[in-house]
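J.: The structure under discussion is supplied below as structure tokens; questions concerning it will follow.
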Amino acid sequence: MISPSADKFTQAPSKSGISVPGLPVLPDNVERFTVPGGGSRAFEVEAGDIINVIDVSGLQAVELVHFTPDGRSDAQVLGRQGSGTPTGIINSFAHSGENGARVKRILELSGFSLEQADCVVLFNGESVAGEMRSVTVQEGGLVCVGAPGGPMSPEAQDTPTDVLVFMERITARSEGERLQAPAPLAEPVLDQNIQPGNAYAFEVSKGQYIQILDVQGRECSDFQAFSRRALDKGLEREIDPTTTRSLGGALYPAPGIFSKYYSSDQEPLVEIVQDTCGRHDTFGLACTARYYEDLGYPGHVNCTDNMNIQLGNFSVRPRGGWPAINFFFNTLLDDSNALLMDDPWSRPGDYVLLQALTDLVCIATACPCDVDPANGWNPTDIQTRVYGEKEIFKRSIGFRKTAEADVEETKETGFHACFAKHTRDFIEYNGYWLANTMTQFGSIAEYWGCREKAAIMDLSPLRKYEVTGPDAEALMQMAVTRNIKKLSVGQVVYTAMCYEHGGMIDDGTVFRLDDNNFRWIGGNDDSGLALRELAEKHNLNAWVRNSTDQLCNVAVQGPLSRDILSEVIWTAPTQSTVEELGWFRFSVGRLGDFHGPAVVVSRTGYSGELGYEVFCHPKDATAVFEAIWQAGEPKGMVPLGLAALDTLRIESGLIFAGYEFTDRTDPYEAGIGFTVPLKSKEDDFVGREVLEQRKANPQRKLVGLELEGGVVPSLGDCIRVGRAQVGEITSATKSPILGKNIALARIDMTHAEVGTLVEVGQLDGQQKRLAASVVAFPHFDPTKERVKGNYETASS
């Protein structure tokens, strides 16, 4: 949490009872920057500027270096005692990627030498979460702020974390400066600002990139692109929204496999490469004169007329209403099939980046609508930029940990290149690219590989948080439903984490690394934030730090997983070998031998088979994967994607966030009531009082269903007894090993008994019914013999 002294920088704006945390408004003289853990940033300053640094997670060292224009460095200019050479910043350049290279380049071009600099150590690894410290600049120049830290070994917990910088400028920015578009992604070929109520047409060559950027947030832009080759022949062949939806199978394309916009001739015209907003429209026309006339606003400026004027310069005939790709327009469809609108989701600086797949004539608008929520009732400007075809931009879908957080590009895990040898089918999952299916295998072959031999899968997007300090055990005992006091060093436990009302924040595992050292591994960042908030609320001497990008992990699952890993993992005599490792235990080891990269191996998984997870630092990921693959491929090991994993986990009754549970689902309703030991855990924990009541008075239950026929139901399909709805499908699949369609479903207790006959409603819930019956749960290996490694006694 952020300390009270930082409230003036971090409060979301609120007006008339409406809070908009996605649109933080800072004072005119304040700028906000994030310094990545293990990285640095550089800023120009003038005398009188105040630099406020917030250590969000705590325990993060921070170094500041000031350079005068002539290259001198003196810590006294920052009003603090100097500590000599900024070794932390210097060392971080070696492993901070593009961030470090950019800062290093800035310093070198300016002629500044860090080796000769005198730094201020603002935090020295002793700060509490949210602590803020400030310095006042006494002379103009350049300041470099670093959050030093190196690669974290998987058995250690010294992860570097982000810090926030709020720069209070002595000279407030003018309105024009405040409302300027963010810096270009590269050197632009064209950089055009479009004021609200205007349009701009421009030519783009094949391979060039087009950026449509919402400068101030909550502003729509109608976009069209015409084939230049067709126009030269007197033909108009522009993006056709209906063709695009039909070929892509989605309401609008997104970065990844299905990313192209097509003409009515099914020619791909542009491909979306990056999208930081993720909410657009392909159904409505660009706003028209008739639209405003019908609302009582005759003569209102509109996008269609503006487009007609601009496109006339390219001999494109005018139209009464232009079909367009309405970037940032927020369309909704209600139960009566009415198209509705609301404020756009876009925040200041959000953009889409497209690549031209042929020579084009393009047009973009800044919508003038000020009579409805289309532009948040306040039309603003759009920035259009074109970049050269030789630029390299990675595919990315914007991800934010919270509504207030900075947008992040979709990341590649440490194992990405290894799995990219087997597939191009990657989908975005919680801010990372994960393989969905493998080109030379397919989900069915991947599934059987795991059930019969072995499979390897990338699970690196799982969130990891290091929980340390004298009160770490007390924090974990209070935060999760399991009894952490009974957890031994080297042991892992699966548990739920709940809100006060009993709804689940997340499910995950707790690793005990030492008496006061824990690692939480869950599915989302909300759980880590909840831990940090709980520590602050109860004034606990404990720290919670995100180590997700310091630890990547592969799951090695299947009957042969133990044999494979035994060949490649070395452990010290004080640690369990892979062969000895018990269920829900972990060992610290090395790859190959004593000199190999460090790894942590846990006997855990998400497949319903004997399995392990191997954790390492991203720099060692390729070596870890290749060693496991070299040992496993001759034994029939296959790479596994998300599609096959879904079938494996449904058969095995393993729950998934957003499907079997949400924040409105308690652990009992999610099918993991065994993680709430109310009798043996006497200590209080978040949500306990409500969970006691719900256990005594259950309303709904997660059950298994077997379905007749060949139709697989979908998430949310209703379950009926007669005309009444009594539940809903949470997950469903065609089970290869059982030879039938199965599902997980949440049903009212009245109808949850094994053997109860129900129907799954489709279409409108009434007109199509799938016969089903409630069965024992989980469907496959209910006694977990396979997970325990007892394949001789296992049965379906």
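In the structure tokens, each chain is lettered A, B, ... as it comes, each chain's residues begin at 1, and ligands are numbered from 1 in order of appearance.
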Could you build a table of the residues in stretch 193-306 of chain A lying no more than 6 Å from stretch 322-325 of chain A, giving for each the nearest pair of atoms and their separation in Å rounded to one decimal place, using only C-alpha atoms, ordered by chain and ascending residue number, as CSV?

T.:
```
residue,atom,partner,partner_atom,distance
A:Asp222,CA,A:Ala324,CA,5.7
A:Phe223,CA,A:Ile325,CA,5.1
A:Gln224,CA,A:Ala324,CA,5.6
A:Thr282,CA,A:Ile325,CA,5.2
A:Leu285,CA,A:Pro323,CA,4.7
A:Ala286,CA,A:Trp322,CA,5.4
A:Thr304,CA,A:Trp322,CA,5.7
```

J.: What lies within 6 Å of stretch 385-390 of chain A using only C-alpha atoms, ignoring chain neighbours under 5 positions off, as an MDAnalysis selection string?

T.: chainID A and resid 188:191 207:211

J.: Excluding stretch 16-31 of chain A and its own-chain neighbours fewer than 2 positions away, which residues fall within 10 Å of it when counting only C-alpha atoms? Please give them as a ChimeraX atom specification.

T.: /A:8-14,33,49-51,165-175,177-178,216-218,345-348,402-406

J.: Can you list, as a PyMOL selection string, every residue of stretch 366-547 of chain A that DSSP puts in strand (DSSP E or B)?

T.: chain A and resi 366+382-387+396-397+399+408+411+426-429+432-435+455-458+463-468+480+491-498+504-514+517-522+543-546

J.: Determine, using only C-alpha atoms, which residues of stretch 556-643 of chain A have any atom at most 10 Å from an atom of stretch 429-437 of chain A, and tabulate each with its shortest atom pair and distance in Å to one decimal place, rows ordered by chain and then rising number, as a tab-separated table.

T.:
```
residue	atom	partner	partner_atom	distance
A:Pro639	CA	A:Thr437	CA	8.9
A:Leu640	CA	A:Thr437	CA	7.2
A:Gly641	CA	A:Asn436	CA	4.5
A:Leu642	CA	A:Asn436	CA	4.6
A:Ala643	CA	A:Asn436	CA	5.6
```

J.: Choose the residue, out of A:Ile737, A:Val77, A:Val760, A:Gly704, that has the smallest atom-to-atom separation from A:Arg720; count only C-alpha atoms.

T.: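 Ranked by minimum distance to A:Arg720, first place goes to A:Val760.
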
J.: List as an mmCIF file with N, CA, C and O atoms, in the first residue's frame the protein and nucleic acid residues near A:Lys206, meaning an atom at most 7 Å away when only C-alpha atoms are counted, but skip any in the same chain fewer than 5 places from it.

T.:
```cif
data_model
loop_
_atom_site.group_PDB
_atom_site.id
_atom_site.type_symbol
_atom_site.label_atom_id
_atom_site.label_comp_id
_atom_site.auth_asym_id
_atom_site.auth_seq_id
_atom_site.Cartn_x
_atom_site.Cartn_y
_atom_site.Cartn_z
ATOM 1 N N ALA A 356 0.350 -2.280 -42.486
ATOM 2 C CA ALA A 356 -0.245 -2.330 -43.816
ATOM 3 C C ALA A 356 0.225 -3.579 -44.544
ATOM 4 O O ALA A 356 1.432 -3.832 -44.646
ATOM 5 N N LEU A 357 -0.719 -4.370 -45.070
ATOM 6 C CA LEU A 357 -0.382 -5.586 -45.797
ATOM 7 C C LEU A 357 -0.346 -5.372 -47.297
ATOM 8 O O LEU A 357 -0.012 -6.281 -48.056
ATOM 9 N N THR A 358 -0.689 -4.164 -47.729
ATOM 10 C CA THR A 358 -0.594 -3.730 -49.117
ATOM 11 C C THR A 358 -0.551 -2.213 -49.101
ATOM 12 O O THR A 358 -0.755 -1.595 -48.047
ATOM 13 N N ASP A 359 -0.285 -1.587 -50.238
ATOM 14 C CA ASP A 359 -0.324 -0.121 -50.296
ATOM 15 C C ASP A 359 -1.754 0.348 -50.029
ATOM 16 O O ASP A 359 -2.721 -0.206 -50.588
#
```

J.: Using DSSP secondary structure from the backbone, list all helix (DSSP H, G or I) positions within stretch 32-142 of chain A, as an mmCIF file with N, CA, C and O atoms, in the first residue's frame.

T.:
```cif
data_model
loop_
_atom_site.group_PDB
_atom_site.id
_atom_site.type_symbol
_atom_site.label_atom_id
_atom_site.label_comp_id
_atom_site.auth_asym_id
_atom_site.auth_seq_id
_atom_site.Cartn_x
_atom_site.Cartn_y
_atom_site.Cartn_z
ATOM 1 N N ALA A 75 26.445 14.552 -5.021
ATOM 2 C CA ALA A 75 25.234 14.199 -4.283
ATOM 3 C C ALA A 75 24.670 15.373 -3.505
ATOM 4 O O ALA A 75 23.466 15.417 -3.222
ATOM 5 N N GLN A 76 25.500 16.341 -3.161
ATOM 6 C CA GLN A 76 25.027 17.485 -2.390
ATOM 7 C C GLN A 76 23.970 18.278 -3.155
ATOM 8 O O GLN A 76 23.133 18.970 -2.562
ATOM 9 N N VAL A 77 23.990 18.170 -4.475
ATOM 10 C CA VAL A 77 22.990 18.858 -5.289
ATOM 11 C C VAL A 77 21.589 18.319 -4.981
ATOM 12 O O VAL A 77 20.596 19.007 -5.155
ATOM 13 N N LEU A 78 21.523 17.085 -4.480
ATOM 14 C CA LEU A 78 20.245 16.477 -4.097
ATOM 15 C C LEU A 78 19.978 16.623 -2.601
ATOM 16 O O LEU A 78 19.025 16.043 -2.076
ATOM 17 N N THR A 87 27.046 1.577 -7.880
ATOM 18 C CA THR A 87 27.336 0.224 -8.381
ATOM 19 C C THR A 87 26.069 -0.553 -8.714
ATOM 20 O O THR A 87 26.065 -1.390 -9.614
ATOM 21 N N GLY A 88 24.987 -0.281 -7.976
ATOM 22 C CA GLY A 88 23.744 -0.993 -8.251
ATOM 23 C C GLY A 88 23.218 -0.702 -9.640
ATOM 24 O O GLY A 88 22.822 -1.610 -10.373
ATOM 25 N N ILE A 89 23.190 0.583 -10.023
ATOM 26 C CA ILE A 89 22.716 0.958 -11.353
ATOM 27 C C ILE A 89 23.642 0.394 -12.427
ATOM 28 O O ILE A 89 23.188 -0.156 -13.435
ATOM 29 N N ILE A 90 24.944 0.518 -12.202
ATOM 30 C CA ILE A 90 25.919 0.020 -13.181
ATOM 31 C C ILE A 90 25.742 -1.477 -13.395
ATOM 32 O O ILE A 90 25.677 -1.962 -14.528
ATOM 33 N N ASN A 91 25.628 -2.239 -12.318
ATOM 34 C CA ASN A 91 25.494 -3.694 -12.427
ATOM 35 C C ASN A 91 24.171 -4.093 -13.086
ATOM 36 O O ASN A 91 24.092 -5.119 -13.765
ATOM 37 N N SER A 92 23.139 -3.275 -12.871
ATOM 38 C CA SER A 92 21.837 -3.640 -13.430
ATOM 39 C C SER A 92 21.801 -3.535 -14.946
ATOM 40 O O SER A 92 20.966 -4.170 -15.596
ATOM 41 N N GLY A 97 17.854 -5.535 -19.849
ATOM 42 C CA GLY A 97 17.287 -5.544 -21.189
ATOM 43 C C GLY A 97 17.221 -4.179 -21.849
ATOM 44 O O GLY A 97 18.127 -3.356 -21.739
ATOM 45 N N GLU A 98 16.087 -3.944 -22.547
ATOM 46 C CA GLU A 98 15.912 -2.704 -23.299
ATOM 47 C C GLU A 98 15.917 -1.486 -22.390
ATOM 48 O O GLU A 98 16.405 -0.419 -22.763
ATOM 49 N N ASN A 99 15.372 -1.628 -21.185
ATOM 50 C CA ASN A 99 15.356 -0.501 -20.249
ATOM 51 C C ASN A 99 16.765 -0.036 -19.937
ATOM 52 O O ASN A 99 17.088 1.153 -20.029
ATOM 53 N N GLY A 100 17.629 -0.964 -19.550
ATOM 54 C CA GLY A 100 18.998 -0.600 -19.216
ATOM 55 C C GLY A 100 19.754 -0.043 -20.401
ATOM 56 O O GLY A 100 20.513 0.927 -20.278
ATOM 57 N N ALA A 101 19.534 -0.650 -21.575
ATOM 58 C CA ALA A 101 20.224 -0.172 -22.773
ATOM 59 C C ALA A 101 19.816 1.257 -23.113
ATOM 60 O O ALA A 101 20.656 2.073 -23.521
ATOM 61 N N ARG A 102 18.533 1.577 -22.922
ATOM 62 C CA ARG A 102 18.045 2.922 -23.237
ATOM 63 C C ARG A 102 18.669 3.960 -22.308
ATOM 64 O O ARG A 102 19.152 5.012 -22.753
ATOM 65 N N VAL A 103 18.685 3.679 -21.003
ATOM 66 C CA VAL A 103 19.261 4.625 -20.049
ATOM 67 C C VAL A 103 20.763 4.766 -20.270
ATOM 68 O O VAL A 103 21.303 5.884 -20.245
ATOM 69 N N LYS A 104 21.414 3.658 -20.502
ATOM 70 C CA LYS A 104 22.861 3.703 -20.751
ATOM 71 C C LYS A 104 23.169 4.538 -21.978
ATOM 72 O O LYS A 104 24.129 5.330 -21.994
ATOM 73 N N ARG A 105 22.347 4.410 -23.020
ATOM 74 C CA ARG A 105 22.557 5.176 -24.249
ATOM 75 C C ARG A 105 22.364 6.668 -23.996
ATOM 76 O O ARG A 105 23.121 7.510 -24.511
ATOM 77 N N ILE A 106 21.347 7.035 -23.199
ATOM 78 C CA ILE A 106 21.105 8.439 -22.869
ATOM 79 C C ILE A 106 22.316 9.035 -22.161
ATOM 80 O O ILE A 106 22.769 10.142 -22.482
ATOM 81 N N LEU A 107 22.850 8.290 -21.205
ATOM 82 C CA LEU A 107 24.002 8.795 -20.447
ATOM 83 C C LEU A 107 25.235 8.929 -21.332
ATOM 84 O O LEU A 107 25.969 9.920 -21.251
ATOM 85 N N GLU A 108 25.448 7.940 -22.195
ATOM 86 C CA GLU A 108 26.625 7.980 -23.055
ATOM 87 C C GLU A 108 26.533 9.134 -24.054
ATOM 88 O O GLU A 108 27.529 9.837 -24.305
ATOM 89 N N LEU A 109 25.356 9.344 -24.632
ATOM 90 C CA LEU A 109 25.189 10.447 -25.590
ATOM 91 C C LEU A 109 25.369 11.803 -24.924
ATOM 92 O O LEU A 109 25.790 12.773 -25.564
ATOM 93 N N SER A 110 25.054 11.866 -23.626
ATOM 94 C CA SER A 110 25.212 13.119 -22.890
ATOM 95 C C SER A 110 26.637 13.300 -22.375
ATOM 96 O O SER A 110 26.971 14.380 -21.845
ATOM 97 N N LEU A 114 28.841 7.149 -15.162
ATOM 98 C CA LEU A 114 28.375 6.639 -13.866
ATOM 99 C C LEU A 114 29.548 6.211 -12.983
ATOM 100 O O LEU A 114 29.478 6.303 -11.757
ATOM 101 N N GLU A 115 30.618 5.749 -13.619
ATOM 102 C CA GLU A 115 31.776 5.300 -12.834
ATOM 103 C C GLU A 115 32.382 6.455 -12.040
ATOM 104 O O GLU A 115 33.011 6.237 -10.986
ATOM 105 N N GLN A 116 32.200 7.688 -12.521
ATOM 106 C CA GLN A 116 32.739 8.857 -11.831
ATOM 107 C C GLN A 116 31.674 9.591 -11.016
ATOM 108 O O GLN A 116 31.931 10.660 -10.466
#
```
